[in-house]
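*Asks:* Coordinates in work_21.cif, mmCIF, C-alpha atoms, are listed below.
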data_structure
#
loop_
_atom_site.group_PDB
_atom_site.id
_atom_site.type_symbol
_atom_site.label_atom_id
_atom_site.label_comp_id
_atom_site.auth_asym_id
_atom_site.auth_seq_id
_atom_site.Cartn_x
_atom_site.Cartn_y
_atom_site.Cartn_z
ATOM 1 C CA MET A 1 3.263 -22.064 -39.613
ATOM 2 C CA THR A 2 6.662 -23.633 -40.257
ATOM 3 C CA ARG A 3 9.877 -21.695 -40.341
ATOM 4 C CA SER A 4 10.100 -21.984 -44.109
ATOM 5 C CA ASP A 5 6.589 -20.576 -44.557
ATOM 6 C CA THR A 6 7.178 -17.261 -42.822
ATOM 7 C CA LYS A 7 7.632 -14.038 -44.794
ATOM 8 C CA ASP A 8 8.335 -11.784 -41.799
ATOM 9 C CA LEU A 9 12.029 -12.743 -41.761
ATOM 10 C CA ASP A 10 12.233 -11.684 -45.414
ATOM 11 C CA VAL A 11 10.819 -8.307 -44.365
ATOM 12 C CA LEU A 12 13.487 -7.962 -41.676
ATOM 13 C CA LEU A 13 16.255 -8.909 -44.096
ATOM 14 C CA GLY A 14 14.887 -6.264 -46.462
ATOM 15 C CA LEU A 15 15.076 -3.697 -43.653
ATOM 16 C CA LEU A 16 18.712 -4.647 -43.072
ATOM 17 C CA ASP A 17 19.578 -4.347 -46.773
ATOM 18 C CA LEU A 18 20.366 -0.645 -46.496
ATOM 19 C CA GLU A 19 20.693 1.601 -49.531
ATOM 20 C CA GLN A 20 23.969 3.494 -49.728
ATOM 21 C CA VAL A 21 23.018 7.042 -50.760
ATOM 22 C CA GLU A 22 26.513 8.548 -50.516
ATOM 23 C CA GLU A 23 29.842 7.747 -48.902
ATOM 24 C CA ASN A 24 29.219 6.660 -45.281
ATOM 25 C CA VAL A 25 25.487 7.450 -45.484
ATOM 26 C CA PHE A 26 22.974 4.585 -45.618
ATOM 27 C CA ARG A 27 19.175 4.680 -45.872
ATOM 28 C CA GLY A 28 16.735 2.272 -44.242
ATOM 29 C CA GLY A 29 12.982 1.907 -44.455
ATOM 30 C CA HIS A 30 10.152 0.625 -42.256
ATOM 31 C CA PRO A 31 8.081 -2.564 -42.417
ATOM 32 C CA PRO A 32 4.377 -2.566 -43.290
ATOM 33 C CA GLN A 33 3.579 -3.480 -39.668
ATOM 34 C CA VAL A 34 4.516 -0.417 -37.623
ATOM 35 C CA GLY A 35 3.583 1.200 -34.325
ATOM 36 C CA SER A 36 3.382 4.873 -33.490
ATOM 37 C CA ARG A 37 7.180 5.277 -33.741
ATOM 38 C CA THR A 38 10.173 3.378 -35.095
ATOM 39 C CA PHE A 39 10.870 0.171 -33.193
ATOM 40 C CA GLY A 40 14.078 0.557 -31.193
ATOM 41 C CA GLY A 41 15.429 -2.827 -32.243
ATOM 42 C CA GLN A 42 15.108 -1.767 -35.875
ATOM 43 C CA LEU A 43 17.178 1.374 -35.232
ATOM 44 C CA VAL A 44 19.883 -0.617 -33.447
ATOM 45 C CA ALA A 45 20.023 -3.323 -36.128
ATOM 46 C CA GLN A 46 20.080 -0.921 -39.075
ATOM 47 C CA ALA A 47 22.721 1.268 -37.415
ATOM 48 C CA LEU A 48 24.848 -1.806 -36.751
ATOM 49 C CA VAL A 49 24.634 -2.822 -40.409
ATOM 50 C CA ALA A 50 25.552 0.729 -41.492
ATOM 51 C CA ALA A 51 28.628 0.752 -39.244
ATOM 52 C CA GLY A 52 29.592 -2.787 -40.203
ATOM 53 C CA ARG A 53 29.524 -1.941 -43.914
ATOM 54 C CA THR A 54 32.492 0.423 -43.333
ATOM 55 C CA VAL A 55 34.911 -1.810 -41.384
ATOM 56 C CA GLY A 56 35.593 -4.803 -43.612
ATOM 57 C CA ASP A 57 35.868 -8.197 -41.938
ATOM 58 C CA ARG A 58 36.362 -7.087 -38.315
ATOM 59 C CA PRO A 59 33.404 -8.315 -36.241
ATOM 60 C CA VAL A 60 31.529 -6.068 -33.832
ATOM 61 C CA HIS A 61 32.283 -6.512 -30.144
ATOM 62 C CA ALA A 62 30.253 -3.705 -28.528
ATOM 63 C CA ILE A 63 27.551 -1.136 -29.289
ATOM 64 C CA ASN A 64 26.218 1.639 -27.066
ATOM 65 C CA ALA A 65 23.107 3.457 -28.314
ATOM 66 C CA HIS A 66 21.096 6.420 -27.059
ATOM 67 C CA PHE A 67 17.577 7.241 -28.238
ATOM 68 C CA ILE A 68 16.859 10.939 -28.682
ATOM 69 C CA ARG A 69 13.403 11.149 -30.276
ATOM 70 C CA GLY A 70 10.869 8.819 -31.855
ATOM 71 C CA GLY A 71 11.110 8.087 -35.559
ATOM 72 C CA ASP A 72 8.355 8.805 -38.085
ATOM 73 C CA VAL A 73 7.319 5.388 -39.421
ATOM 74 C CA LYS A 74 6.129 6.928 -42.703
ATOM 75 C CA ARG A 75 9.581 8.168 -43.727
ATOM 76 C CA PRO A 76 12.973 6.530 -44.330
ATOM 77 C CA ILE A 77 15.889 6.965 -41.948
ATOM 78 C CA ASP A 78 19.401 8.035 -42.939
ATOM 79 C CA TYR A 79 22.332 6.555 -41.001
ATOM 80 C CA HIS A 80 25.461 8.723 -41.034
ATOM 81 C CA VAL A 81 28.649 6.838 -40.149
ATOM 82 C CA VAL A 82 31.734 8.633 -38.793
ATOM 83 C CA THR A 83 35.083 6.846 -38.529
ATOM 84 C CA HIS A 84 36.865 7.441 -35.215
ATOM 85 C CA ARG A 85 39.560 4.809 -35.595
ATOM 86 C CA ASP A 86 40.810 2.228 -38.082
ATOM 87 C CA GLY A 87 43.589 0.199 -36.494
ATOM 88 C CA ARG A 88 44.996 -3.191 -37.405
ATOM 89 C CA ASP A 89 42.725 -5.081 -34.996
ATOM 90 C CA PHE A 90 40.318 -2.408 -33.712
ATOM 91 C CA ALA A 91 37.886 -0.026 -35.390
ATOM 92 C CA ASN A 92 35.451 2.495 -33.909
ATOM 93 C CA ARG A 93 32.444 4.120 -35.528
ATOM 94 C CA MET A 94 29.730 6.594 -34.558
ATOM 95 C CA VAL A 95 26.346 6.268 -36.258
ATOM 96 C CA THR A 96 23.703 8.988 -36.186
ATOM 97 C CA ALA A 97 20.180 8.202 -37.402
ATOM 98 C CA CYS A 98 18.368 11.218 -38.872
ATOM 99 C CA GLN A 99 15.102 12.229 -40.496
ATOM 100 C CA ASP A 100 15.118 15.656 -42.167
ATOM 101 C CA GLU A 101 18.274 16.579 -40.208
ATOM 102 C CA GLN A 102 16.595 15.749 -36.898
ATOM 103 C CA GLU A 103 18.648 13.310 -34.845
ATOM 104 C CA LEU A 104 16.702 10.260 -33.689
ATOM 105 C CA PHE A 105 19.462 8.108 -32.319
ATOM 106 C CA VAL A 106 23.237 7.974 -31.787
ATOM 107 C CA MET A 107 25.301 4.799 -31.486
ATOM 108 C CA LEU A 108 28.963 4.059 -30.834
ATOM 109 C CA ALA A 109 30.157 0.765 -32.283
ATOM 110 C CA ALA A 110 33.468 -0.996 -31.621
ATOM 111 C CA PHE A 111 34.908 -3.742 -33.811
ATOM 112 C CA GLN A 112 37.788 -6.119 -33.087
ATOM 113 C CA ARG A 113 39.393 -9.098 -34.772
ATOM 114 C CA TRP A 114 38.847 -12.255 -32.706
ATOM 115 C CA GLY A 115 41.843 -13.398 -30.675
ATOM 116 C CA LYS A 116 42.648 -16.104 -28.137
ATOM 117 C CA GLY A 117 42.793 -15.312 -24.427
ATOM 118 C CA LEU A 118 41.340 -16.180 -21.040
ATOM 119 C CA GLU A 119 37.832 -17.596 -21.182
ATOM 120 C CA HIS A 120 35.037 -18.119 -18.640
ATOM 121 C CA SER A 121 31.351 -17.264 -18.332
ATOM 122 C CA VAL A 122 28.350 -17.657 -16.061
ATOM 123 C CA THR A 123 26.193 -20.767 -16.173
ATOM 124 C CA VAL A 124 23.123 -20.924 -18.395
ATOM 125 C CA PRO A 125 19.815 -21.078 -16.447
ATOM 126 C CA GLU A 126 18.029 -24.417 -16.457
ATOM 127 C CA VAL A 127 14.866 -24.194 -18.569
ATOM 128 C CA PRO A 128 12.928 -26.547 -20.861
ATOM 129 C CA LEU A 129 14.312 -26.920 -24.370
ATOM 130 C CA PRO A 130 12.623 -24.740 -27.028
ATOM 131 C CA GLU A 131 10.997 -27.624 -28.901
ATOM 132 C CA ALA A 132 9.008 -28.418 -25.741
ATOM 133 C CA LEU A 133 7.578 -24.883 -25.550
ATOM 134 C CA PRO A 134 4.727 -23.232 -27.499
ATOM 135 C CA PRO A 135 5.504 -20.524 -30.092
ATOM 136 C CA ILE A 136 4.593 -16.919 -29.358
ATOM 137 C CA GLY A 137 1.392 -17.153 -31.425
ATOM 138 C CA GLU A 138 -0.048 -19.723 -29.043
ATOM 139 C CA ARG A 139 0.883 -17.566 -26.059
ATOM 140 C CA LEU A 140 -1.095 -14.686 -27.578
ATOM 141 C CA ARG A 141 -4.187 -16.760 -28.356
ATOM 142 C CA GLY A 142 -7.184 -15.321 -26.508
ATOM 143 C CA PHE A 143 -5.518 -11.910 -26.108
ATOM 144 C CA GLU A 144 -6.272 -10.599 -29.604
ATOM 145 C CA ASP A 145 -8.543 -7.809 -28.308
ATOM 146 C CA GLN A 146 -6.309 -6.849 -25.381
ATOM 147 C CA LEU A 147 -2.952 -6.995 -27.184
ATOM 148 C CA PRO A 148 -3.709 -6.113 -30.817
ATOM 149 C CA HIS A 149 -0.323 -4.425 -31.313
ATOM 150 C CA PHE A 150 1.547 -7.552 -30.207
ATOM 151 C CA VAL A 151 -0.701 -9.884 -32.199
ATOM 152 C CA GLY A 152 -0.336 -7.858 -35.412
ATOM 153 C CA ALA A 153 3.355 -7.023 -35.037
ATOM 154 C CA LEU A 154 6.094 -8.170 -37.381
ATOM 155 C CA LYS A 155 7.378 -11.541 -36.133
ATOM 156 C CA PRO A 156 10.701 -12.352 -37.823
ATOM 157 C CA ILE A 157 11.932 -14.004 -34.614
ATOM 158 C CA ASP A 158 10.792 -17.435 -33.425
ATOM 159 C CA MET A 159 10.211 -16.858 -29.691
ATOM 160 C CA ARG A 160 9.423 -19.478 -27.040
ATOM 161 C CA TYR A 161 8.792 -18.274 -23.464
ATOM 162 C CA ALA A 162 10.180 -20.711 -20.882
ATOM 163 C CA ASN A 163 8.019 -18.974 -18.245
ATOM 164 C CA ASP A 164 4.564 -17.462 -18.553
ATOM 165 C CA PRO A 165 4.760 -14.073 -20.319
ATOM 166 C CA ALA A 166 3.643 -10.884 -18.587
ATOM 167 C CA TRP A 167 0.082 -10.940 -19.913
ATOM 168 C CA VAL A 168 -0.486 -14.482 -18.616
ATOM 169 C CA LEU A 169 1.136 -13.776 -15.243
ATOM 170 C CA ARG A 170 -1.107 -10.703 -14.924
ATOM 171 C CA GLY A 171 -4.165 -12.958 -14.876
ATOM 172 C CA THR A 172 -2.759 -15.260 -12.191
ATOM 173 C CA GLY A 173 -1.490 -12.462 -9.961
ATOM 174 C CA GLU A 174 2.014 -13.968 -9.976
ATOM 175 C CA LYS A 175 5.126 -11.769 -9.894
ATOM 176 C CA LEU A 176 8.391 -12.803 -11.517
ATOM 177 C CA GLY A 177 11.811 -11.157 -11.241
ATOM 178 C CA HIS A 178 13.223 -12.654 -14.424
ATOM 179 C CA ASN A 179 12.186 -13.822 -17.889
ATOM 180 C CA ARG A 180 13.604 -16.632 -20.029
ATOM 181 C CA VAL A 181 12.839 -16.697 -23.760
ATOM 182 C CA TRP A 182 14.330 -18.919 -26.460
ATOM 183 C CA MET A 183 14.908 -16.990 -29.706
ATOM 184 C CA ARG A 184 16.162 -17.565 -33.227
ATOM 185 C CA ALA A 185 15.516 -16.069 -36.643
ATOM 186 C CA ASP A 186 12.324 -17.587 -38.030
ATOM 187 C CA GLY A 187 14.144 -19.107 -40.979
ATOM 188 C CA GLN A 188 17.669 -19.535 -42.268
ATOM 189 C CA LEU A 189 19.887 -16.454 -42.444
ATOM 190 C CA PRO A 190 22.516 -15.851 -45.135
ATOM 191 C CA ASP A 191 26.103 -16.783 -44.283
ATOM 192 C CA ALA A 192 26.962 -13.171 -43.425
ATOM 193 C CA PRO A 193 28.134 -12.656 -39.805
ATOM 194 C CA LEU A 194 26.943 -9.030 -39.787
ATOM 195 C CA LEU A 195 23.352 -10.121 -40.496
ATOM 196 C CA HIS A 196 23.438 -12.618 -37.614
ATOM 197 C CA VAL A 197 24.568 -10.049 -35.040
ATOM 198 C CA ALA A 198 22.144 -7.457 -36.477
ATOM 199 C CA THR A 199 19.247 -9.916 -36.171
ATOM 200 C CA LEU A 200 20.214 -10.617 -32.550
ATOM 201 C CA ALA A 201 20.362 -6.852 -31.967
ATOM 202 C CA TYR A 202 16.847 -6.492 -33.406
ATOM 203 C CA ALA A 203 15.562 -9.315 -31.177
ATOM 204 C CA SER A 204 17.284 -7.960 -28.070
ATOM 205 C CA ASP A 205 14.762 -5.099 -27.846
ATOM 206 C CA THR A 206 11.679 -7.344 -27.894
ATOM 207 C CA THR A 207 11.468 -8.751 -24.330
ATOM 208 C CA VAL A 208 14.267 -7.128 -22.351
ATOM 209 C CA LEU A 209 11.991 -4.757 -20.378
ATOM 210 C CA ASP A 210 9.508 -7.523 -19.492
ATOM 211 C CA SER A 211 11.163 -8.221 -16.145
ATOM 212 C CA ILE A 212 10.579 -4.663 -14.978
ATOM 213 C CA LEU A 213 6.835 -5.206 -15.330
ATOM 214 C CA THR A 214 6.658 -8.810 -14.118
ATOM 215 C CA THR A 215 8.585 -7.819 -10.967
ATOM 216 C CA HIS A 216 5.516 -5.688 -10.128
ATOM 217 C CA GLY A 217 2.874 -8.051 -11.504
ATOM 218 C CA LEU A 218 2.070 -5.745 -14.432
ATOM 219 C CA SER A 219 1.691 -6.371 -18.155
ATOM 220 C CA TRP A 220 1.903 -4.589 -21.471
ATOM 221 C CA GLY A 221 -1.559 -3.862 -22.840
ATOM 222 C CA LEU A 222 -3.405 -4.826 -19.652
ATOM 223 C CA ASP A 223 -2.087 -2.012 -17.482
ATOM 224 C CA ARG A 224 -1.639 1.661 -18.313
ATOM 225 C CA ILE A 225 2.081 1.648 -19.065
ATOM 226 C CA VAL A 226 4.078 4.248 -20.987
ATOM 227 C CA ALA A 227 7.481 2.891 -22.007
ATOM 228 C CA ALA A 228 10.287 4.077 -24.275
ATOM 229 C CA THR A 229 13.882 2.978 -24.627
ATOM 230 C CA VAL A 230 16.428 5.512 -23.363
ATOM 231 C CA ASN A 231 19.651 3.637 -24.091
ATOM 232 C CA HIS A 232 20.669 0.172 -25.238
ATOM 233 C CA SER A 233 24.041 -1.585 -25.128
ATOM 234 C CA ILE A 234 25.217 -4.981 -26.363
ATOM 235 C CA TRP A 235 28.553 -6.735 -25.893
ATOM 236 C CA PHE A 236 29.251 -9.601 -28.287
ATOM 237 C CA HIS A 237 31.528 -12.195 -26.693
ATOM 238 C CA ARG A 238 31.714 -14.985 -29.267
ATOM 239 C CA PRO A 239 30.813 -15.598 -32.922
ATOM 240 C CA LEU A 240 27.179 -16.679 -33.317
ATOM 241 C CA ARG A 241 24.582 -17.914 -35.741
ATOM 242 C CA PHE A 242 21.199 -16.436 -34.889
ATOM 243 C CA ASP A 243 19.260 -18.894 -37.019
ATOM 244 C CA GLU A 244 20.060 -21.350 -34.213
ATOM 245 C CA TRP A 245 18.385 -21.305 -30.774
ATOM 246 C CA HIS A 246 19.602 -18.860 -28.122
ATOM 247 C CA LEU A 247 18.194 -18.408 -24.627
ATOM 248 C CA TYR A 248 17.609 -14.747 -23.729
ATOM 249 C CA ALA A 249 17.760 -14.629 -19.918
ATOM 250 C CA THR A 250 16.714 -11.207 -18.595
ATOM 251 C CA GLU A 251 16.130 -9.576 -15.230
ATOM 252 C CA SER A 252 15.724 -6.079 -13.816
ATOM 253 C CA PRO A 253 18.145 -5.015 -11.058
ATOM 254 C CA VAL A 254 16.534 -1.614 -10.446
ATOM 255 C CA ALA A 255 13.688 0.751 -11.295
ATOM 256 C CA ALA A 256 13.755 4.330 -9.985
ATOM 257 C CA GLY A 257 13.132 7.899 -11.108
ATOM 258 C CA SER A 258 10.547 6.798 -13.718
ATOM 259 C CA ARG A 259 13.255 4.688 -15.389
ATOM 260 C CA GLY A 260 13.904 0.963 -15.260
ATOM 261 C CA MET A 261 17.051 -0.986 -16.096
ATOM 262 C CA ALA A 262 17.090 -4.498 -17.474
ATOM 263 C CA THR A 263 19.959 -6.835 -18.231
ATOM 264 C CA GLY A 264 19.978 -9.809 -20.559
ATOM 265 C CA ARG A 265 22.297 -12.631 -21.554
ATOM 266 C CA TYR A 266 22.155 -14.680 -24.744
ATOM 267 C CA PHE A 267 23.247 -18.313 -24.400
ATOM 268 C CA THR A 268 23.578 -20.928 -27.122
ATOM 269 C CA ILE A 269 21.672 -24.172 -26.681
ATOM 270 C CA GLU A 270 25.021 -25.709 -25.646
ATOM 271 C CA GLY A 271 25.286 -23.153 -22.814
ATOM 272 C CA GLU A 272 27.880 -20.721 -24.198
ATOM 273 C CA LEU A 273 27.342 -17.051 -23.366
ATOM 274 C CA VAL A 274 27.572 -15.142 -26.662
ATOM 275 C CA ALA A 275 26.169 -11.670 -25.863
ATOM 276 C CA THR A 276 25.212 -9.428 -22.936
ATOM 277 C CA VAL A 277 22.562 -6.701 -23.153
ATOM 278 C CA VAL A 278 21.801 -3.735 -20.881
ATOM 279 C CA GLN A 279 18.842 -1.472 -21.555
ATOM 280 C CA GLU A 280 17.393 1.496 -19.680
ATOM 281 C CA GLY A 281 13.853 2.503 -20.437
ATOM 282 C CA LEU A 282 11.387 5.164 -19.437
ATOM 283 C CA ILE A 283 8.675 3.305 -17.518
ATOM 284 C CA ARG A 284 5.593 5.094 -16.221
ATOM 285 C CA HIS A 285 2.673 3.294 -14.661
ATOM 286 C CA PHE A 286 -0.743 4.930 -14.242
ATOM 287 C CA PRO A 287 -2.797 2.740 -11.885
ATOM 288 C CA PRO A 288 -6.584 3.002 -12.074
ATOM 289 C CA ARG A 289 -8.081 5.598 -9.791
ATOM 290 C CA ARG A 290 -9.886 4.327 -6.787
ATOM 291 C CA PRO A 291 -13.525 5.416 -6.493
ATOM 292 C CA SER A 292 -13.919 8.359 -4.134
ATOM 293 C CA GLY A 293 -14.955 7.318 -0.644
ATOM 294 C CA SER A 294 -13.402 3.847 -0.944
#
Re-express the file's structure as structure tokens.

*Replies:*
Amino acid sequence: MTRSDTKDLDVLLGLLDLEQVEENVFRGGHPPQVGSRTFGGQLVAQALVAAGRTVGDRPVHAINAHFIRGGDVKRPIDYHVVTHRDGRDFANRMVTACQDEQELFVMLAAFQRWGKGLEHSVTVPEVPLPEALPPIGERLRGFEDQLPHFVGALKPIDMRYANDPAWVLRGTGEKLGHNRVWMRADGQLPDAPLLHVATLAYASDTTVLDSILTTHGLSWGLDRIVAATVNHSIWFHRPLRFDEWHLYATESPVAAGSRGMATGRYFTIEGELVATVVQEGLIRHFPPRRPSGS
């Protein structure tokens, strides 16, 4: 499949084309391919679009989101935007996602006009270039029965693992304390900066928790894992186009108290750091019981 052939990106762009139902209230739907609850990246991306629709041309520089309950994938979601500040350079919004007056999710979003100042960043990890790596579909080949949810999921993002993904590492017994994945929208995005940052926000929830599992030699689908996002934050450092390649370099500094934390950095192919992600998730592992007497 070539990038121009895919329809999944069109589905994502449709999800981000929110309906305005009243002043500062926006409604979003779900894709045909859904799990048992609303995908966290969808909530973050739609909430970011809702907030961005109310601030004019000031770009987002930070979001901090907390997940309260799972969304019903059979019903739309209403995003209520509250203005906390509208200054000359800065704006602040709070977005609450609701279904039938039940809160699913709350996000604070900060916007700032770009300005010149001191600049530095960490160095991009050395990995093969994306064109030398297989697409995600090839990585899932042979795992159709074990990972049906991954195989059948919406795939609006072109993803290329620079290391073996969790389900491959699980078979080799190898542990890995980090993950490196090249990502871009699987097709050209409109020239609308808000859609580029929203698409990155959607993608940021796809692999960020992988390093928690690979640190322990575990995998989604092959081990009994219960996982749910608790909170998710992104800082946007530079303007970006997410229909160009970005390396998502993630690792997990800690797991404790049935929760795991993962951090991620998005680098351009030229090595510029454009965004930093921190996510905390509920992670529970249920190892198989040993036979009695063993």

*Asks:* Can you spell out as a PyMOL selection string the set of residues that the PyMOL selection byres ((chain A and resi 83) around 12) selects in the structure I just provided?

*Replies:* chain A and resi 23-25+50-55+80-82+84-87+90-96+108-111

*Asks:* Which is closer to Glu119 (chain A) than all the others in A:Ser36, A:Val277, A:Gly137, A:His237, using only C-alpha atoms?

*Replies:*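 Under the stated criterion, the closest residue is A:His237.
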
*Asks:* I need the residue nearest Arg141 (chain A) from this list: A:Val168, A:Met159, A:Ala255, A:Ala227. Use all atoms listed in the file for the distance.

*Replies:*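 Counting all atoms listed in the file, the residue closest to Arg141 (chain A) is A:Val168.
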
*Asks:* Using all atoms listed in the file, find all polymer residues with an atom at most 9 Å away from the point (24.0, 2.9, -32.6); report them as a list in words.

*Replies:* Leu43, Val44, Ala45, Gln46, Ala47, Leu48, Ala51, Ile63, Asn64, Ala65, His66, Phe67, Met94, Val95, Thr96, Ala97, Phe105, Val106, Met107, Leu108, Ala109, His232 and Ser233 of chain A

*Asks:* Using all atoms listed in the file, can you tell me which of A:Gly281, A:Gly257, A:Gly35, A:Gly217 comes closest to Ala166 (chain A)?

*Replies:*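 Closest candidate: A:Gly217.
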
*Asks:* What is the distance, in Å and to one decimal place, between CA of Gly14 (chain A) and CA of Ala198 (chain A)?

*Replies:*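 Calculated distance between CA of Gly14 (chain A) and CA of Ala198 (chain A) is 12.4 Å.
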
*Asks:* When you draw a straight line from CA of Asp57 (chain A) to CA of Gln20 (chain A), how long is it in Å?

*Replies:*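 CA of Gln20 (chain A) lies at a distance of 18.4 Å from CA of Asp57 (chain A).
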
*Asks:* Quick one: which residues end up in the PyMOL selection byres ((chain A and resi 150) around 12) for this structure, as a ChimeraX atom specification?

*Replies:* /A:33-35,136-137,139-141,143-149,151-155,167,206-207,220-222

*Asks:* Put a box with edges along x, y and z around all the listed atoms of region 165-169 of chain A, pad it by 3 Å on each side, then give me its centre and sizes in Å, one decimal, as AutoDock Vina command-line options.

*Replies:*
--center_x 2.1 --center_y -12.7 --center_z -17.8 --size_x 11.2 --size_y 9.6 --size_z 11.1

*Asks:* Separation of CA of Ala262 (chain A) and CA of His178 (chain A), in Å?

*Replies:*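 Distance reported for this atom pair: 9.5 Å.
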
*Asks:* Determine the nearest neighbour of Tyr161 (chain A) from the options A:His30, A:Lys116, A:Lys7, A:His246, counting all atoms listed in the file.

*Replies:* A:His246

*Asks:* Determine, counting all atoms listed in the file, every residue of protein, DNA or RNA that lies within 9 Å of (17.9, -6.8, -23.2) in the file coordinates, then give the result as a ChimeraX atom specification.

*Replies:* /A:203-209,232-234,248-251,262-265,276-279

*Asks:* For the file shown, what are the residues hit by the PyMOL selection byres ((chain A and resi 128) around 12), laid out as a PDB file with C-alpha atoms, keeping the file's coordinate frame?

*Replies:*
ATOM      1  CA  VAL A 124      23.123 -20.924 -18.395  1.00  0.00           C
ATOM      2  CA  PRO A 125      19.815 -21.078 -16.447  1.00  0.00           C
ATOM      3  CA  GLU A 126      18.029 -24.417 -16.457  1.00  0.00           C
ATOM      4  CA  VAL A 127      14.866 -24.194 -18.569  1.00  0.00           C
ATOM      5  CA  LEU A 129      14.312 -26.920 -24.370  1.00  0.00           C
ATOM      6  CA  PRO A 130      12.623 -24.740 -27.028  1.00  0.00           C
ATOM      7  CA  GLU A 131      10.997 -27.624 -28.901  1.00  0.00           C
ATOM      8  CA  ALA A 132       9.008 -28.418 -25.741  1.00  0.00           C
ATOM      9  CA  LEU A 133       7.578 -24.883 -25.550  1.00  0.00           C
ATOM     10  CA  PRO A 134       4.727 -23.232 -27.499  1.00  0.00           C
ATOM     11  CA  ARG A 160       9.423 -19.478 -27.040  1.00  0.00           C
ATOM     12  CA  TYR A 161       8.792 -18.274 -23.464  1.00  0.00           C
ATOM     13  CA  ALA A 162      10.180 -20.711 -20.882  1.00  0.00           C
ATOM     14  CA  ASN A 163       8.019 -18.974 -18.245  1.00  0.00           C
ATOM     15  CA  ARG A 180      13.604 -16.632 -20.029  1.00  0.00           C
ATOM     16  CA  VAL A 181      12.839 -16.697 -23.760  1.00  0.00           C
ATOM     17  CA  TRP A 182      14.330 -18.919 -26.460  1.00  0.00           C
ATOM     18  CA  LEU A 247      18.194 -18.408 -24.627  1.00  0.00           C
ATOM     19  CA  ILE A 269      21.672 -24.172 -26.681  1.00  0.00           C
TER      20      ILE A 269
END

*Asks:* Which residue gives the smallest distance to Pro156 (chain A) among A:Gly187, A:Pro135, A:Gly70, A:Gly173, with all atoms listed in the file counted?

*Replies:*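 Smallest distance to Pro156 (chain A) is found for A:Gly187.
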
*Asks:* Restricting the calculation to only C-alpha atoms, which member of A:Thr123, A:Thr214, A:Thr199, A:Gln112 is positioned closest to Arg238 (chain A)?

*Replies:*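 For Arg238 (chain A), the nearest of the candidates is A:Gln112.
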